[in-house]
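K.L.:
Pasting start-v3.txt below, which is compact mmCIF, C-alpha atoms.
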# COMPACT_ATOMS: atom_id res chain seq x y z
CA MET M 261 15.73 -18.89 30.72
CA THR M 262 14.84 -21.92 28.62
CA MET M 263 12.13 -22.11 25.99
CA ARG M 264 10.13 -24.31 28.37
CA ASP M 265 10.18 -21.51 30.97
CA GLN M 266 9.02 -18.99 28.38
CA ARG M 267 5.88 -20.91 27.44
CA ARG M 268 2.58 -19.17 28.16
CA SER M 269 0.36 -20.39 30.93
CA PRO M 270 -2.94 -22.06 29.95
CA LEU M 271 -4.89 -19.00 31.12
CA ALA M 272 -2.73 -16.62 29.07
CA SER M 273 -3.08 -18.88 26.03
CA VAL M 274 -6.88 -18.96 26.38
CA GLY M 275 -6.98 -15.18 26.76
CA LEU M 276 -4.79 -14.69 23.69
CA HIS M 277 -6.87 -17.00 21.51
CA ALA M 278 -10.13 -15.45 22.74
CA THR M 279 -8.82 -12.00 21.88
CA LEU M 280 -7.77 -13.13 18.40
CA ILE M 281 -11.17 -14.75 17.80
CA VAL M 282 -13.03 -11.60 18.85
CA ALA M 283 -10.74 -9.40 16.75
CA SER M 284 -11.23 -11.67 13.73
CA ALA M 285 -15.01 -11.62 14.18
CA VAL M 286 -15.02 -7.81 14.38
CA ALA M 287 -12.90 -7.59 11.22
CA VAL M 288 -14.93 -10.12 9.23
CA PHE M 289 -18.45 -9.06 10.27
CA PRO M 290 -18.79 -5.81 8.19
CA PRO M 291 -17.83 -7.29 4.78
CA LEU M 292 -19.78 -10.47 5.54
CA TRP M 293 -22.91 -8.50 6.43
CA LEU M 294 -22.40 -6.37 3.31
CA LEU M 295 -22.34 -9.53 1.20
CA VAL M 296 -25.43 -10.96 2.91
CA THR M 297 -27.39 -7.72 2.52
CA SER M 298 -26.59 -7.56 -1.20
CA PHE M 299 -28.63 -10.76 -1.71
CA LYS M 300 -31.64 -9.56 0.28
CA PRO M 301 -34.77 -8.07 -1.31
CA LYS M 302 -35.05 -4.32 -0.76
CA SER M 303 -37.85 -4.82 1.75
CA GLU M 304 -35.50 -6.87 3.96
CA ALA M 305 -32.42 -4.64 3.72
CA PHE M 306 -32.63 -3.66 7.40
CA SER M 307 -33.68 -7.07 8.64
CA THR M 308 -31.30 -8.76 11.06
CA ASP M 309 -32.26 -12.17 9.76
CA VAL M 310 -30.03 -14.13 7.44
CA VAL M 311 -31.25 -14.15 3.86
CA LYS M 312 -34.68 -15.79 3.74
CA SER M 313 -35.25 -15.52 0.01
CA PRO M 314 -31.93 -14.72 -1.73
CA THR M 315 -32.19 -12.73 -4.92
CA LEU M 316 -29.90 -11.31 -7.59
CA ASP M 317 -32.22 -8.38 -8.29
CA ASN M 318 -29.84 -5.90 -6.67
CA TYR M 319 -26.97 -7.00 -8.89
CA HIS M 320 -29.17 -6.98 -11.98
CA HIS M 321 -30.37 -3.47 -11.18
CA VAL M 322 -26.83 -2.19 -10.62
CA LEU M 323 -25.45 -3.69 -13.82
CA ALA M 324 -28.43 -3.09 -16.11
CA ASP M 325 -30.18 0.05 -14.86
CA THR M 326 -27.37 2.28 -13.61
CA LYS M 327 -24.12 3.77 -14.91
CA PHE M 328 -22.08 1.20 -12.99
CA LEU M 329 -20.25 -0.14 -16.04
CA THR M 330 -19.37 3.43 -17.06
CA TRP M 331 -18.05 4.12 -13.57
CA PHE M 332 -16.09 0.88 -13.74
CA GLY M 333 -14.49 1.93 -17.02
CA ASN M 334 -13.61 5.36 -15.62
CA SER M 335 -12.07 3.84 -12.50
CA LEU M 336 -10.17 1.20 -14.45
CA PHE M 337 -8.64 3.81 -16.75
CA VAL M 338 -7.63 6.10 -13.88
CA VAL M 339 -6.27 3.22 -11.78
CA LEU M 340 -4.23 1.63 -14.56
CA ILE M 341 -2.55 4.90 -15.58
CA THR M 342 -1.99 5.89 -11.94
CA THR M 343 -0.51 2.50 -11.04
CA LEU M 344 1.85 2.37 -14.03
CA LEU M 345 3.09 5.93 -13.56
CA GLY M 346 3.20 5.58 -9.77
CA VAL M 347 5.33 2.43 -9.85
CA PHE M 348 7.73 3.92 -12.42
CA VAL M 349 8.15 7.27 -10.68
CA ALA M 350 8.42 5.77 -7.18
CA ALA M 351 10.92 3.12 -8.31
CA THR M 352 13.17 5.53 -10.21
CA THR M 353 13.01 8.09 -7.38
CA GLY M 354 13.77 5.49 -4.72
CA TYR M 355 16.64 4.09 -6.78
CA ALA M 356 18.16 7.52 -7.42
CA VAL M 357 18.05 8.46 -3.74
CA SER M 358 19.39 5.06 -2.70
CA ARG M 359 22.32 4.94 -5.11
CA PHE M 360 23.33 8.52 -5.92
CA ARG M 361 24.33 11.60 -3.97
CA PHE M 362 23.26 14.87 -5.56
CA PRO M 363 22.53 18.46 -4.45
CA GLY M 364 19.10 18.76 -2.89
CA MET M 365 18.76 15.05 -2.10
CA ARG M 366 18.08 15.54 1.61
CA PRO M 367 15.51 18.35 1.05
CA LEU M 368 13.85 16.12 -1.55
CA MET M 369 13.46 13.27 0.94
CA TRP M 370 12.14 15.65 3.58
CA LEU M 371 9.68 17.04 1.03
CA LEU M 372 8.42 13.55 0.23
CA LEU M 373 7.97 12.90 3.95
CA ILE M 374 6.26 16.22 4.71
CA THR M 375 3.66 15.71 1.98
CA GLN M 376 2.35 12.71 3.94
CA MET M 377 1.52 14.91 6.93
CA PHE M 378 -1.33 16.84 5.28
CA PRO M 379 -4.84 15.36 5.65
CA VAL M 380 -7.12 15.07 2.65
CA ALA M 381 -9.53 17.74 3.92
CA ILE M 382 -6.82 20.43 3.83
CA LEU M 383 -5.71 19.61 0.28
CA ILE M 384 -9.08 19.37 -1.47
CA VAL M 385 -9.68 23.12 -1.86
CA PRO M 386 -6.21 24.11 -3.16
CA LEU M 387 -6.09 21.10 -5.47
CA TYR M 388 -9.59 21.90 -6.71
CA ASN M 389 -8.51 25.46 -7.51
CA ILE M 390 -5.43 24.18 -9.35
CA MET M 391 -7.45 21.69 -11.40
CA SER M 392 -10.04 24.36 -12.17
CA THR M 393 -7.35 26.78 -13.36
CA LEU M 394 -5.85 24.09 -15.60
CA GLY M 395 -9.29 23.14 -16.94
CA TRP M 396 -8.93 19.57 -15.67
CA LEU M 397 -12.17 19.26 -13.71
CA ASN M 398 -14.28 16.34 -14.92
CA GLN M 399 -11.17 14.98 -16.65
CA PRO M 400 -9.40 11.74 -15.65
CA ILE M 401 -6.05 13.56 -15.55
CA ALA M 402 -7.20 15.49 -12.47
CA LEU M 403 -7.61 12.28 -10.47
CA ILE M 404 -4.46 10.69 -11.92
CA VAL M 405 -2.26 13.62 -10.91
CA THR M 406 -3.91 13.86 -7.48
CA TYR M 407 -3.52 10.17 -6.71
CA LEU M 408 0.11 10.27 -7.82
CA THR M 409 0.80 13.10 -5.37
CA VAL M 410 -0.70 10.94 -2.61
CA ALA M 411 0.91 7.59 -3.45
CA VAL M 412 4.34 8.41 -4.89
CA PRO M 413 5.98 10.04 -1.81
CA PHE M 414 5.26 7.07 0.46
CA CYS M 415 6.15 4.55 -2.23
CA ALA M 416 9.41 6.34 -3.04
CA TRP M 417 10.46 6.13 0.62
CA MET M 418 9.53 2.45 0.70
CA MET M 419 11.39 1.70 -2.53
CA LYS M 420 14.48 3.47 -1.22
CA GLY M 421 14.49 1.14 1.77
CA PHE M 422 14.13 -1.84 -0.53
CA PHE M 423 16.91 -0.73 -2.90
CA ASP M 424 19.18 -0.20 0.11
CA THR M 425 19.03 -3.96 0.73
CA ILE M 426 20.22 -4.81 -2.80
CA PRO M 427 24.05 -5.01 -2.92
CA VAL M 428 25.76 -2.10 -4.67
CA GLU M 429 28.11 -4.62 -6.31
CA ILE M 430 25.29 -5.48 -8.72
CA ASP M 431 25.31 -1.91 -10.00
CA GLU M 432 29.08 -1.96 -10.29
CA SER M 433 28.99 -5.15 -12.33
CA GLY M 434 26.50 -3.52 -14.68
CA ARG M 435 28.77 -0.54 -15.21
CA VAL M 436 31.69 -2.87 -15.89
CA ASP M 437 29.57 -4.50 -18.60
CA GLY M 438 28.98 -1.09 -20.18
CA LEU M 439 25.45 -0.38 -18.97
CA ASN M 440 24.43 3.19 -18.22
CA PRO M 441 22.70 3.96 -14.88
CA PHE M 442 19.21 3.45 -16.28
CA GLY M 443 20.24 0.24 -18.04
CA THR M 444 21.68 -1.06 -14.78
CA PHE M 445 18.48 -0.13 -12.97
CA TRP M 446 16.17 -1.65 -15.57
CA ARG M 447 18.05 -4.84 -16.40
CA LEU M 448 19.72 -5.80 -13.14
CA VAL M 449 18.03 -4.09 -10.19
CA VAL M 450 14.35 -4.13 -11.18
CA PRO M 451 14.18 -7.96 -11.46
CA LEU M 452 15.49 -8.17 -7.88
CA ALA M 453 13.01 -5.57 -6.64
CA LYS M 454 9.80 -7.40 -7.53
CA PRO M 455 8.51 -7.61 -3.93
CA GLY M 456 8.92 -3.86 -3.46
CA LEU M 457 7.38 -3.13 -6.85
CA ALA M 458 4.41 -5.39 -6.02
CA VAL M 459 3.76 -3.53 -2.78
CA THR M 460 4.09 -0.19 -4.57
CA ALA M 461 1.64 -1.31 -7.25
CA PHE M 462 -0.81 -2.58 -4.61
CA TYR M 463 -0.64 0.61 -2.54
CA THR M 464 -1.07 2.82 -5.62
CA PHE M 465 -3.95 0.68 -6.84
CA ILE M 466 -5.78 0.87 -3.51
CA THR M 467 -5.15 4.62 -3.26
CA ALA M 468 -6.85 5.21 -6.60
CA TRP M 469 -9.49 2.45 -6.49
CA ALA M 470 -11.08 3.19 -3.12
CA GLU M 471 -10.69 6.99 -2.89
CA VAL M 472 -13.90 9.00 -2.47
CA ALA M 473 -13.15 12.60 -1.44
CA TYR M 474 -11.18 13.76 -4.49
CA ALA M 475 -13.33 11.76 -6.91
CA SER M 476 -16.50 13.40 -5.54
CA ALA M 477 -15.01 16.91 -5.56
CA PHE M 478 -13.38 16.85 -9.00
CA MET M 479 -15.93 14.84 -11.00
CA THR M 480 -19.58 15.74 -11.56
CA GLY M 481 -22.23 14.13 -13.74
CA GLU M 482 -22.91 10.40 -13.58
CA GLU M 483 -20.99 9.71 -16.80
CA ASN M 484 -17.78 11.12 -15.26
CA LEU M 485 -17.92 9.45 -11.84
CA THR M 486 -15.64 6.69 -10.66
CA LEU M 487 -16.89 3.66 -8.73
CA SER M 488 -16.34 5.02 -5.23
CA ALA M 489 -18.05 8.31 -6.08
CA GLY M 490 -20.85 6.51 -7.90
CA LEU M 491 -21.80 4.66 -4.71
CA GLN M 492 -23.10 7.92 -3.30
CA THR M 493 -25.86 8.03 -5.90
CA PHE M 494 -27.55 5.04 -4.26
CA VAL M 495 -27.80 6.54 -0.78
CA ASN M 496 -28.15 10.32 -0.43
CA GLN M 497 -30.60 12.88 0.91
CA TYR M 498 -33.16 11.95 -1.74
CA THR M 499 -32.90 8.16 -2.05
CA SER M 500 -31.81 5.22 0.11
CA ASP M 501 -31.31 2.13 -2.03
CA TRP M 502 -29.21 0.06 0.37
CA GLY M 503 -29.63 -3.15 -1.60
CA SER M 504 -28.11 -1.64 -4.74
CA MET M 505 -25.37 0.05 -2.75
CA THR M 506 -24.30 -3.18 -1.06
CA ALA M 507 -24.35 -5.05 -4.36
CA ALA M 508 -22.23 -2.35 -6.00
CA ALA M 509 -19.83 -2.39 -3.04
CA VAL M 510 -19.37 -6.15 -3.40
CA LEU M 511 -18.65 -5.77 -7.12
CA ILE M 512 -16.13 -3.01 -6.37
CA ALA M 513 -14.38 -5.21 -3.81
CA ILE M 514 -13.78 -8.05 -6.26
CA PRO M 515 -10.95 -6.40 -8.27
CA ALA M 516 -9.29 -5.20 -5.06
CA THR M 517 -9.44 -8.76 -3.69
CA LEU M 518 -7.88 -10.15 -6.86
CA VAL M 519 -5.05 -7.61 -6.76
CA PHE M 520 -4.45 -8.35 -3.08
CA SER M 521 -4.34 -12.09 -3.81
CA TRP M 522 -1.67 -11.44 -6.43
CA ALA M 523 0.40 -9.12 -4.23
CA GLN M 524 0.03 -10.77 -0.81
CA ARG M 525 3.08 -13.05 -1.12
CA HIS M 526 5.22 -9.95 -1.68
CA LEU M 527 3.64 -7.71 0.95
CA VAL M 528 5.68 -8.82 3.96
CA ALA M 529 8.96 -8.83 2.07
CA GLY M 530 8.29 -5.44 0.53
CA LEU M 531 7.04 -3.69 3.63
CA THR M 532 9.91 -4.96 5.81
CA ALA M 533 12.61 -4.44 3.19
CA GLY M 534 14.13 -1.46 4.98
CA ALA M 535 14.47 -3.28 8.29
CA THR M 536 17.78 -4.93 7.43
CA LYS M 537 20.90 -3.92 5.61
CA SER M 538 22.97 -6.08 3.31
Kindly present the structure from the file in structure tokens form.

P.N.:
Amino acid sequence: MTMRDQRRSPLASVGLHATLIVASAVAVFPPLWLLVTSFKPKSEAFSTDVVKSPTLDNYHHVLADTKFLTWFGNSLFVVLITTLLGVFVAATTGYAVSRFRFPGMRPLMWLLLITQMFPVAILIVPLYNIMSTLGWLNQPIALIVTYLTVAVPFCAWMMKGFFDTIPVEIDESGRVDGLNPFGTFWRLVVPLAKPGLAVTAFYTFITAWAEVAYASAFMTGEENLTLSAGLQTFVNQYTSDWGSMTAAAVLIAIPATLVFSWAQRHLVAGLTAGATKS
């Protein structure tokens, strides 16, 4: 069958493009409406009209009259530590499993896989009890450790698949030059693994930046909240300040958008790294 014979019919092409347009509209509408609502006065928060009299009052209120900047600092600290540790642990684990054979390797990989099967709701209570016993409640370390347990297993599996595509001869050349295993990993392999490391950093960042359940359970008091948990203070059983909530949500999305813009060129290469073998 030639390529000419495989071409779609005009009707199929129209149907495909219509489906893509509808899917794109569905995906874009929620964040777009969130952005529009953030510029509306509070009295027009539920209005279906486009902004009649745009205002920055919601943003001013969030930045000047709430603990938003404190929440931002808390989130930034937790996310930076989690991302740095997560990338290092996932990369070293993935490299070790990819390159070395040691007792317990297979059970370790199964353990990393099994940890991904438990939903958040099941883990909150036991993790809460552990953090309470250690005295880590209302401490950033509680969230850092929790987010690492969520992100590292998946990232380690992904990094293993990426390291499998890097020729073993590179490691052998490093050993010939007198490098130890870690020196070979750090100097020769890591520079070649930038796409995988970028995806790992992005996934770890998103895991910690946008998480709500653990942050709400482990942290109490407005001065200890992270951004995602702080959003709940705007809309709860006592108050419903949708204008401030949408403005805060837009501000929270900006760092995530910047990180995605940085990592997007590596996402496809990193996520599909395990699909081929060298």

K.L.:
Which of these, M:Val410, M:Leu387, M:Ala287, M:Ala468, has the shortest distance to Ile374 (chain M) once you count only C-alpha atoms?

P.N.:
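Ranking M:Val410, M:Leu387, M:Ala287, M:Ala468 by distance to Ile374 (chain M), first place goes to M:Val410.
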
K.L.:
With all atoms listed in the file as the atoms that count, which of M:Phe299, M:Phe289, M:Tyr319, M:Phe332 lies nearest to Asn484 (chain M)?

P.N.:
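Among M:Phe299, M:Phe289, M:Tyr319, M:Phe332, it is M:Phe332 that comes nearest to Asn484 (chain M).
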
K.L.:
Separation of CA of Ser307 (chain M) and CA of Thr506 (chain M), in Å?

P.N.:
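Value for the CA of Ser307 (chain M)-CA of Thr506 (chain M) distance: 14.0 Å.
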
K.L.:
Please measure the separation of CA of Leu368 (chain M) and CA of Phe423 (chain M), giving the value in Å to one decimal.

P.N.:
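CA of Phe423 (chain M) lies 17.2 Å from CA of Leu368 (chain M).
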
K.L.:
Measure the distance from CA of Leu485 (chain M) to CA of Asn398 (chain M) in Å and round it to one decimal.

P.N.:
8.4 Å

K.L.:
So which residues touch region 441-449 of chain M within 10 Å, counting only C-alpha atoms, skipping near sequence neighbours fewer than 6 positions away, as a list in words?

P.N.:
Ala351, Thr352, Tyr355, Ala356, Arg359, Phe423, Ile426, Pro427, Val428, Ile430, Asp431, Glu432, Ser433, Gly434 and Arg435 of chain M

K.L.:
Which of these residues is nearest to Ile401 (chain M), using all atoms listed in the file: M:Val436, M:Ala461, M:Val338, M:Ala381?

P.N.:
M:Val338

K.L.:
Of the residues M:Thr315, M:Leu280, M:Val322, M:Val349, which is the one nearest to Asp501 (chain M), using all atoms listed in the file?

P.N.:
M:Val322

K.L.:
Choose the residue, out of M:Glu482, M:Glu304, M:Glu471, M:Asp325, that has the smallest atom-to-atom separation from Tyr407 (chain M); count all atoms listed in the file.

P.N.:
M:Glu471

K.L.:
Within 12 Å of Tyr388 (chain M), counting all atoms listed in the file, which residues qualify if same-chain residues fewer than 5 places away don't, as a tab-separated table (two decimals) with C-alpha atoms, in the coordinates of the input?

P.N.:
chain	number	residue	atom	x	y	z
M	380	VAL	CA	-7.12	15.07	2.65
M	381	ALA	CA	-9.53	17.74	3.92
M	382	ILE	CA	-6.82	20.43	3.83
M	383	LEU	CA	-5.71	19.61	0.28
M	393	THR	CA	-7.35	26.78	-13.36
M	394	LEU	CA	-5.85	24.09	-15.60
M	395	GLY	CA	-9.29	23.14	-16.94
M	396	TRP	CA	-8.93	19.57	-15.67
M	397	LEU	CA	-12.17	19.26	-13.71
M	398	ASN	CA	-14.28	16.34	-14.92
M	402	ALA	CA	-7.20	15.49	-12.47
M	403	LEU	CA	-7.61	12.28	-10.47
M	405	VAL	CA	-2.26	13.62	-10.91
M	406	THR	CA	-3.91	13.86	-7.48
M	473	ALA	CA	-13.15	12.60	-1.44
M	474	TYR	CA	-11.18	13.76	-4.49
M	475	ALA	CA	-13.33	11.76	-6.91
M	476	SER	CA	-16.50	13.40	-5.54
M	477	ALA	CA	-15.01	16.91	-5.56
M	478	PHE	CA	-13.38	16.85	-9.00
M	479	MET	CA	-15.93	14.84	-11.00

K.L.:
Set up a box along x, y and z of the file covering all listed atoms of region 411-421 of chain M, add 5 Å on every one of the six sides, and write the centre and edge lengths in Å to one decimal, as JSON.

P.N.:
{"center_x": 7.7, "center_y": 5.6, "center_z": -1.6, "size_x": 23.6, "size_y": 18.9, "size_z": 16.7}

K.L.:
Restricting the calculation to only C-alpha atoms: of M:Phe362, M:Trp522, M:Trp293, M:Tyr463, which residue gets closest to Thr342 (chain M)?

P.N.:
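Nearest candidate to Thr342 (chain M) out of M:Phe362, M:Trp522, M:Trp293, M:Tyr463: M:Tyr463.
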
K.L.:
Please identify every residue of region 289-355 of chain M that has at least one atom no farther than 12 Å from an atom of region 514-520 of chain M, counting all atoms listed in the file, and for each give the shortest atom pair and the distance in Å to one decimal, arranged by chain then increasing number, as a tab-separated table.

P.N.:
residue	atom	partner	partner_atom	distance
M:Pro291	CA	M:Ile514	CA	11.8
M:Leu295	CA	M:Ile514	CA	11.5
M:Phe332	CA	M:Pro515	CA	10.5
M:Ser335	CA	M:Pro515	CA	11.1
M:Leu336	CA	M:Pro515	CA	9.8
M:Val339	CA	M:Ala516	CA	11.2
M:Thr343	CA	M:Val519	CA	11.9
